[in-house]
Each structure stands twice: as structure tokens, then as C-alpha cells.
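Engineer: First the structure, which I've put down as C-alpha cells, then a few questions once you've had a look.
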Amino acid sequence: MHKLPLMLTVAVGTLFTSLFQIEVFASERLSFSQRHSVERFETPKMKSTLVKAMARYSDIIKNGGWQTLQPDEMLKLGSEGPDVLALVARLNLQYPNLAAACGEGVSLTEKTNINKTSFFALQGERPPCLFDKALQRNVETFQKLHGLSTDGVVGPLTLSELNVSATERFKQIALNIQRLANFEEFGFEKFVLVNIPEFVLRVVDAQEVRLEKKVVVGKPAWSTPSFTDYIETFVVNPDWRIPLSIATQEIAPKVANNPNYLHEQNIVIRKNSYEDEEIVDPATINWGAIKPYQFAHFMVRLPGEENPLGEVKFLFPNKHAVYVHDTPAEQWFDVDHRAASHGCIRLEEPFSLAEVLTSELPDSLGFADIQKARALNEAREFTLEQPVPVHLVYWTSWAEDEYLVHFRKDLYEKDAKEYQALVGTADYSTQTTAL
């Protein structure tokens, strides 16, 4: 593997590639730039906004919170009746800026105690409460704020989020204020941020979000850890150095059942290390006798179309052996809940990250060289002149303003335990004293 420093004077060597391939990659680069986000990322402001939101949720709790919704059927455009009024009341309590006409004139006490019996008395002479286009848009906003598909229909997943209590939302906010406070200490000018429960990667430079892409993170049994490190290198057309856990627990049984499995999957066995040129013949190994974490050699899947790492991986050496990489399984980016990996982070349109990381080079020479290397089915390593900080964080709540608060599922069931650890600390007392 060749290490190529990303410098103006970098010499990549002669790369034979077609003009057609280069033109395709160049057009992709243009589309990446056009899709860059322009939103701001200001941690102190995010924290202060959550503090204001926590005060709002404290008031909601003091006034009785909100009741659980139990509609008789799925609520959607055209629905009407007491279940729709209850939905409007529920949305208006948490997000008063999403007011709907049929909720007007209903007091806070009434809103928290609506049931089907009292509905008709509350309606009085008003027109029936109809699930109209305006309410559909409000439901879509609620879904977006909770990381759900924005179809405007109150189905099982949306109903589940609506029925999380105000008290639980308050705890989420309090905990994530502390998480943001801890993050403030880093203060890097340019960094990569992956928010695991949000399934999103961002590149932030001078508080401006220059890139925002979907990611797939670890499933609960193989959770992606939270930590900070530095992206130092990335590899175009990488091989996959298969972890011992996967090699022994997943691949070995398949080879035992199908002796041709390794050949079919383009996997080789290197004798003494992942880079050892000496190859071991699979036929000399008793695959049925291999136990978890007990294997004397090293499995490597060679570069190719079906390589799980795709066309590029970004490395930040760490004890967890976690990194960011491409994937051939692009269908996952069409799914809302993207916890499906063994802990590493699969990135949508990964060469957009390479473009941003090399954008400060004169005439973007570094990225042009990357695109040429991409056209070859050969692993090539590029080294950044200045390593870029990468933060893997676990934020389950943040806010655009005190009324538009985002919440995400506690993917790895961390929140309850960490909230209990927070309660009683000086930081928590400071947060809650003024409420």
C-alpha cells in the first residue's frame, strides 16, 4: 500500500484511467458541493437554548403534563372527531408554535384531560375538529423533530413518540445539556461530528456546517462507542481487515459449511499479520474446530465491488478499532433507524467527506488525485497534512429554539443510567435551581 501525503507537490505516479471515469467522478464532486448544508453549529447557543427548553418542560410538568393518546384508528388526513382534538391538544402543549384552529379556545387544564366523553362538550358550536392539511404539516414537523419518516400519518411509531411523558422528555433535555457542556471543552475550529442516535455525520468549520450526511451505526449488540480522536489517513479501494470476533464467530462456521466460501467472498488468509504476503491455504485449517477469538491467522477481504468497506475508509487509530467507511449496502440510507453495523460507521456518499477534508489544498489537487486513484482496483493510502478531530457523540436531544426541541431514541439505553448519575451533582443542581 502506498502512502500519499496530500500536498500541493504530491506525486501520485502515473495512473491509467479513462476520461469517462474522471468526468463521472467530477460530476459527483459538483453534486456534493451543491448539497452542502449552510446551518450553523454553535455549541454554547445550543446549550443555552436547551436550558430555556428545560424551563418550558418544567412548566408543562407542573401543569400536569400531557395524557397518553389512545386513538381508535390511525390518524391521517381526513380523520375527525375526539381523537383528532386530543392530538391537536397534545401537539400544542409540547410545540405551541404548531397551533391548529380546532385547538383554540381549549384551556390548558382541558387539554390535559380531554377524553371522548368530554370532547363534544368542549366542541360546543365550533366546527368538527378535522385532520386537515395544516395538521398534517404539524405532524410532519413532529416526526422530523423525532427522527421519523415525515408522512404526516400518526402510525405506531409516531404514536409511541407522542406518548413519551413530559417528565421523560425533561430528563432527556437535562442530560443532554450536560453532554453539550462536556463537548464545549474541545473548541476545535474544524472537526467531524457523528451524532450516533441521530445517524448523521457533519463536518463543521468555523461553526458552519459544511457537510451533512446520513450514517449507519452499530447495532445495540455491537454499539458504536463515544470518543474523540483525529482522522489521520484515508484509504481508497481499501481491503477489509476482518476483526477476530467476526472471523471466528461469523465467517468460520460458513467456511465449515461451504469450503468455497472464502474464494466466493474474495477473502484471503494471511499467516502472521494483516499485511503478511504469505497466504495460508484454507484447506489446511479445521474450520469446525475454531472457537470464538481463537484463530492464529488473519482474514483479509480484498478490494472489490462487494467489499463491505466500499471504495474508501477514513482512519483515526483507536482502541475500539472503529472507523468511517463506504458501503455497498446503500439501501440502508433509505431507512430511518440505521443501527446495523458491527460498530464502525458507514457513510453516505463518502467521497464528499474526502472532498471537504482536502478542500484547502490549492486547486483541490489532492481531491483530483483521489478521484484518479478511485478508478483503480488497488488500495492507496492518503495522509492528511493536518489531522482533523473527529467526535463520536451520543446526543438524544438538542434544540433549534426553546419551542423546537429534537429528540431521538436512546439507541443503546444509556440515558436512564447517565441521568441517575447526573442527579445530585453540582451541575444538575445548578440547572434545576432556577426552575
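Labeling convention for the C-alpha cells: chains A, B, ... as they appear, residues from 1 per chain, ligands from 1 in order of appearance.
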Excluding Leu353 in chain A and any residue of its chain fewer than 3 positions from it, enumerate the residues within 10 Å of it, using only C-alpha atoms, and give them as a ChimeraX atom specification.
Structural biologist: /A:32,192,201-203,210-213,314,347-350,356-359
Engineer: Export, as a PDB file, in the first residue's frame, the selected residues with C-alpha atoms.
Structural biologist:
```pdb
ATOM      1  CA  PHE A  32     -21.598  17.041  -3.266  1.00  0.00           C
ATOM      2  CA  VAL A 192     -16.031  15.940  12.063  1.00  0.00           C
ATOM      3  CA  LEU A 201     -22.236  12.894  10.259  1.00  0.00           C
ATOM      4  CA  ARG A 202     -21.380  16.582   9.941  1.00  0.00           C
ATOM      5  CA  VAL A 203     -18.227  18.485   9.095  1.00  0.00           C
ATOM      6  CA  ARG A 210     -20.040  22.307   5.513  1.00  0.00           C
ATOM      7  CA  LEU A 211     -21.288  18.754   5.086  1.00  0.00           C
ATOM      8  CA  GLU A 212     -24.159  16.707   6.474  1.00  0.00           C
ATOM      9  CA  LYS A 213     -24.646  13.040   5.544  1.00  0.00           C
ATOM     10  CA  PHE A 314     -11.264   7.064   6.974  1.00  0.00           C
ATOM     11  CA  LEU A 347     -21.155   6.878   5.449  1.00  0.00           C
ATOM     12  CA  GLU A 348     -23.500   8.025   2.691  1.00  0.00           C
ATOM     13  CA  GLU A 349     -21.613   9.462  -0.327  1.00  0.00           C
ATOM     14  CA  PRO A 350     -18.248   9.071   1.447  1.00  0.00           C
ATOM     15  CA  VAL A 356     -14.127  18.530   2.359  1.00  0.00           C
ATOM     16  CA  LEU A 357     -11.022  17.200   4.107  1.00  0.00           C
ATOM     17  CA  THR A 358      -8.866  18.152   1.102  1.00  0.00           C
ATOM     18  CA  SER A 359     -10.683  21.352   0.085  1.00  0.00           C
TER      19      SER A 359
END
```
Engineer: Can you list, as a list in words, every protein, DNA or RNA residue that comes within 9 Å of range 410-425 of chain A when you count only C-alpha atoms, leaving out same-chain residues fewer than 6 positions away?
Structural biologist: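 Using only C-alpha atoms, the neighbours found are Lys171, Gln172, Ala174, Leu175, Gln178, Ile196, Pro197, Lys219, Pro220, Ala221, Ser223, Ala339, Tyr394, Trp395 and Thr396 of chain A.
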Engineer: Suppose we keep N, CA and C atoms; can you now write the selection as a tab-separated table (two decimals), in the first residue's frame?
Structural biologist:
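So selection.tsv came out as:
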```
chain	number	residue	atom	x	y	z
A	171	LYS	N	-36.06	14.89	31.45
A	171	LYS	CA	-34.82	14.20	31.82
A	171	LYS	C	-33.85	14.14	30.64
A	172	GLN	N	-34.39	13.87	29.45
A	172	GLN	CA	-33.55	13.84	28.25
A	172	GLN	C	-32.86	15.18	28.04
A	174	ALA	N	-32.26	17.60	30.28
A	174	ALA	CA	-31.29	17.87	31.35
A	174	ALA	C	-29.99	17.12	31.11
A	175	LEU	N	-30.10	15.85	30.71
A	175	LEU	CA	-28.91	15.04	30.48
A	175	LEU	C	-28.10	15.56	29.31
A	178	GLN	N	-25.88	18.57	29.89
A	178	GLN	CA	-24.59	18.19	30.46
A	178	GLN	C	-23.66	17.64	29.38
A	196	ILE	N	-24.47	9.72	17.13
A	196	ILE	CA	-24.85	8.32	16.94
A	196	ILE	C	-26.37	8.12	16.94
A	197	PRO	N	-27.13	8.62	17.93
A	197	PRO	CA	-28.58	8.38	17.89
A	197	PRO	C	-29.31	9.08	16.74
A	219	LYS	N	-25.27	-1.72	15.70
A	219	LYS	CA	-26.49	-2.25	16.31
A	219	LYS	C	-26.27	-2.35	17.82
A	220	PRO	N	-27.32	-2.43	18.63
A	220	PRO	CA	-27.14	-2.45	20.10
A	220	PRO	C	-26.16	-3.50	20.60
A	221	ALA	N	-26.11	-4.66	19.98
A	221	ALA	CA	-25.18	-5.70	20.42
A	221	ALA	C	-23.74	-5.38	20.03
A	223	SER	N	-22.42	-1.89	19.77
A	223	SER	CA	-22.64	-0.45	19.85
A	223	SER	C	-21.40	0.36	19.42
A	339	ALA	N	-29.26	1.46	12.71
A	339	ALA	CA	-28.33	0.78	13.61
A	339	ALA	C	-28.15	-0.64	13.08
A	394	TYR	N	-23.06	11.11	21.67
A	394	TYR	CA	-24.33	10.42	21.91
A	394	TYR	C	-25.30	11.46	22.48
A	395	TRP	N	-25.93	12.23	21.57
A	395	TRP	CA	-26.88	13.27	21.95
A	395	TRP	C	-28.29	12.82	21.55
A	396	THR	N	-29.16	12.68	22.54
A	396	THR	CA	-30.54	12.26	22.27
A	396	THR	C	-31.51	13.43	22.30
```
Engineer: Using Å and a single decimal, report how far CA of Asn163 in chain A sits from CA of Leu77 in chain A.
Structural biologist: 20.3 Å
Engineer: Fewer than 5 positions away in the same chain doesn't count, so skip those; otherwise give me all residues within 6 Å of Val200 in chain A, counting only C-alpha atoms, as a list in words.
Structural biologist: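 Neighbouring residues, sequence-local ones excluded: Val194, Asn195, Lys213, Lys214 and Val215 of chain A.
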